[in-house]
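Remarks on the structure that follows.
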Amino acid sequence: MDHMSPRLRAFLSEPIGEKDVGWVDGVSRELAINLITKGFTKAYILLGQFLLMHKNEAEFQKWIICCCGATECEAQESSNCLKEWCASFL
């Protein structure tokens with residue numbers, strides 16, 4: 001876990017529970033507002049979208065950029081965060 005950011009490490013340290021979407025690594029304040037506006041208020045809802053896309057990082061990144069206004073960096077970090085969470089908890 002040395003290569004992980006402190007934020008990613010914190011997110012992966014426990015089950016997702018009722019964490020707000022802003023807890024997801026890679027989700028900036030601005031992106032969180034965009035996601036909340038679209039109904040993605042909780043991290044588990046965003047995780048659900050990732051799972052609906054069969055954990056396909058490229059597809060998820062394309063979706064979060066096109067539909068939610070994420071930057072490429074935000075898209076990569078958030079998809080990696082959700083992928084790592086799935087590897088740890090599913």
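Chains: A, B, ... in order of the structure tokens. Residues: from 1 per chain. Ligands: from 1, in order shown.
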Could you pull out the alpha helix (DSSP H) residues of chain A, going by DSSP on the backbone, and write them as a ChimeraX atom specification? /A:6-12,29-37,43-52,57-68,72-89
Do a neighbour search on Ile33 in chain A at 12 Å with only C-alpha atoms, toss out local chain neighbours closer than 3 positions, and write the hits as a ChimeraX atom specification. /A:20-22,27-30,36-42,68-70
Requested write-out: N, CA, C and O atoms of the selected residues, as an mmCIF file, in the first residue's frame:
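Everything below was put into again-v3.cif:
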```cif
data_model
loop_
_atom_site.group_PDB
_atom_site.id
_atom_site.type_symbol
_atom_site.label_atom_id
_atom_site.label_comp_id
_atom_site.auth_asym_id
_atom_site.auth_seq_id
_atom_site.Cartn_x
_atom_site.Cartn_y
_atom_site.Cartn_z
ATOM 1 N N ASP A 20 -20.131 9.650 1.999
ATOM 2 C CA ASP A 20 -20.524 10.534 0.908
ATOM 3 C C ASP A 20 -19.616 10.303 -0.295
ATOM 4 O O ASP A 20 -18.476 9.840 -0.145
ATOM 5 N N VAL A 21 -20.097 10.668 -1.464
ATOM 6 C CA VAL A 21 -19.346 10.433 -2.696
ATOM 7 C C VAL A 21 -17.997 11.158 -2.688
ATOM 8 O O VAL A 21 -17.038 10.712 -3.305
ATOM 9 N N GLY A 22 -17.912 12.246 -1.953
ATOM 10 C CA GLY A 22 -16.657 12.994 -1.870
ATOM 11 C C GLY A 22 -15.522 12.233 -1.203
ATOM 12 O O GLY A 22 -14.364 12.641 -1.307
ATOM 13 N N VAL A 27 -12.245 12.196 -6.412
ATOM 14 C CA VAL A 27 -13.438 13.028 -6.539
ATOM 15 C C VAL A 27 -13.177 14.365 -5.836
ATOM 16 O O VAL A 27 -13.105 14.436 -4.610
ATOM 17 N N SER A 28 -13.024 15.400 -6.649
ATOM 18 C CA SER A 28 -12.803 16.747 -6.111
ATOM 19 C C SER A 28 -14.124 17.320 -5.611
ATOM 20 O O SER A 28 -15.195 16.751 -5.833
ATOM 21 N N ARG A 29 -14.054 18.446 -4.969
ATOM 22 C CA ARG A 29 -15.270 19.107 -4.471
ATOM 23 C C ARG A 29 -16.211 19.423 -5.636
ATOM 24 O O ARG A 29 -17.416 19.189 -5.556
ATOM 25 N N GLU A 30 -15.649 19.956 -6.721
ATOM 26 C CA GLU A 30 -16.466 20.305 -7.897
ATOM 27 C C GLU A 30 -17.117 19.061 -8.513
ATOM 28 O O GLU A 30 -18.304 19.078 -8.848
ATOM 29 N N ILE A 36 -23.476 14.682 -7.118
ATOM 30 C CA ILE A 36 -24.635 14.817 -6.239
ATOM 31 C C ILE A 36 -25.834 15.349 -7.021
ATOM 32 O O ILE A 36 -26.961 14.868 -6.856
ATOM 33 N N THR A 37 -25.591 16.311 -7.906
ATOM 34 C CA THR A 37 -26.651 16.871 -8.743
ATOM 35 C C THR A 37 -27.297 15.783 -9.606
ATOM 36 O O THR A 37 -28.495 15.841 -9.874
ATOM 37 N N LYS A 38 -26.516 14.790 -9.997
ATOM 38 C CA LYS A 38 -27.020 13.699 -10.833
ATOM 39 C C LYS A 38 -27.530 12.515 -10.014
ATOM 40 O O LYS A 38 -27.850 11.468 -10.562
ATOM 41 N N GLY A 39 -27.559 12.661 -8.693
ATOM 42 C CA GLY A 39 -28.120 11.620 -7.841
ATOM 43 C C GLY A 39 -27.110 10.674 -7.220
ATOM 44 O O GLY A 39 -27.476 9.760 -6.487
ATOM 45 N N PHE A 40 -25.834 10.878 -7.479
ATOM 46 C CA PHE A 40 -24.770 10.032 -6.917
ATOM 47 C C PHE A 40 -24.279 10.654 -5.612
ATOM 48 O O PHE A 40 -23.185 11.200 -5.531
ATOM 49 N N THR A 41 -25.115 10.569 -4.585
ATOM 50 C CA THR A 41 -24.829 11.237 -3.320
ATOM 51 C C THR A 41 -23.897 10.453 -2.413
ATOM 52 O O THR A 41 -23.201 11.027 -1.593
ATOM 53 N N LYS A 42 -23.886 9.145 -2.553
ATOM 54 C CA LYS A 42 -23.098 8.272 -1.681
ATOM 55 C C LYS A 42 -22.068 7.497 -2.503
ATOM 56 O O LYS A 42 -22.272 7.219 -3.687
ATOM 57 N N CYS A 68 -20.362 13.534 -16.133
ATOM 58 C CA CYS A 68 -20.248 14.200 -14.827
ATOM 59 C C CYS A 68 -19.200 15.297 -14.790
ATOM 60 O O CYS A 68 -19.029 15.941 -13.763
ATOM 61 N N GLY A 69 -18.470 15.488 -15.880
ATOM 62 C CA GLY A 69 -17.505 16.575 -15.945
ATOM 63 C C GLY A 69 -16.180 16.328 -15.246
ATOM 64 O O GLY A 69 -15.474 17.276 -14.907
ATOM 65 N N ALA A 70 -15.825 15.064 -15.037
ATOM 66 C CA ALA A 70 -14.541 14.752 -14.400
ATOM 67 C C ALA A 70 -13.385 15.060 -15.348
ATOM 68 O O ALA A 70 -13.534 15.004 -16.575
#
```
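One finds CA of Ala87 in chain A at 19.8 Å from CA of Glu74 in chain A.
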Quick check, in Å to one decimal: how far apart do CA of Phe11 in chain A and CA of Val24 in chain A lie?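 So the answer is 6.7 Å.
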When distances are computed from only C-alpha atoms, which of A:Ala43, A:Met4, A:Ala32, A:Leu90 shows the smallest separation from Lys19 in chain A? A:Ala43
Leaving out Leu47 in chain A and any residue of its chain fewer than 2 positions from it, which residues lie within 12 Å of it when counting only C-alpha atoms, given as an MDAnalysis selection string? chainID A and resid 15:21 23:24 40:45 49:57 60 78:86 89:90
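CA of Ala10 in chain A is positioned 24.0 Å from CA of Ala58 in chain A.
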Close residues, Cys67 in chain A itself excluded, 10 Å, only C-alpha atoms, min 4 positions apart in chain, as a PDB file with N, CA and C atoms, in the first residue's frame:
```
ATOM      1  N   ASN A  34     -21.151  17.896  -8.933  1.00  0.00           N
ATOM      2  CA  ASN A  34     -21.742  17.404 -10.185  1.00  0.00           C
ATOM      3  C   ASN A  34     -22.388  16.034  -9.982  1.00  0.00           C
ATOM      4  N   LEU A  35     -21.703  15.153  -9.270  1.00  0.00           N
ATOM      5  CA  LEU A  35     -22.238  13.807  -9.023  1.00  0.00           C
ATOM      6  C   LEU A  35     -23.502  13.875  -8.170  1.00  0.00           C
ATOM      7  N   LYS A  38     -26.516  14.790  -9.997  1.00  0.00           N
ATOM      8  CA  LYS A  38     -27.020  13.699 -10.833  1.00  0.00           C
ATOM      9  C   LYS A  38     -27.530  12.515 -10.014  1.00  0.00           C
ATOM     10  N   GLN A  61     -14.446   5.482 -16.750  1.00  0.00           N
ATOM     11  CA  GLN A  61     -13.741   6.753 -16.922  1.00  0.00           C
ATOM     12  C   GLN A  61     -14.407   7.594 -18.008  1.00  0.00           C
ATOM     13  N   LYS A  62     -14.760   6.956 -19.112  1.00  0.00           N
ATOM     14  CA  LYS A  62     -15.425   7.667 -20.203  1.00  0.00           C
ATOM     15  C   LYS A  62     -16.754   8.242 -19.715  1.00  0.00           C
ATOM     16  N   TRP A  63     -17.506   7.443 -18.971  1.00  0.00           N
ATOM     17  CA  TRP A  63     -18.802   7.888 -18.450  1.00  0.00           C
ATOM     18  C   TRP A  63     -18.648   9.071 -17.496  1.00  0.00           C
TER      19      TRP A  63
END
```
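Distances here use only C-alpha atoms; by that measure, the residue among A:Gln76, A:Gly48, A:Thr71, A:Ser88 closest to Leu31 in chain A is A:Thr71.
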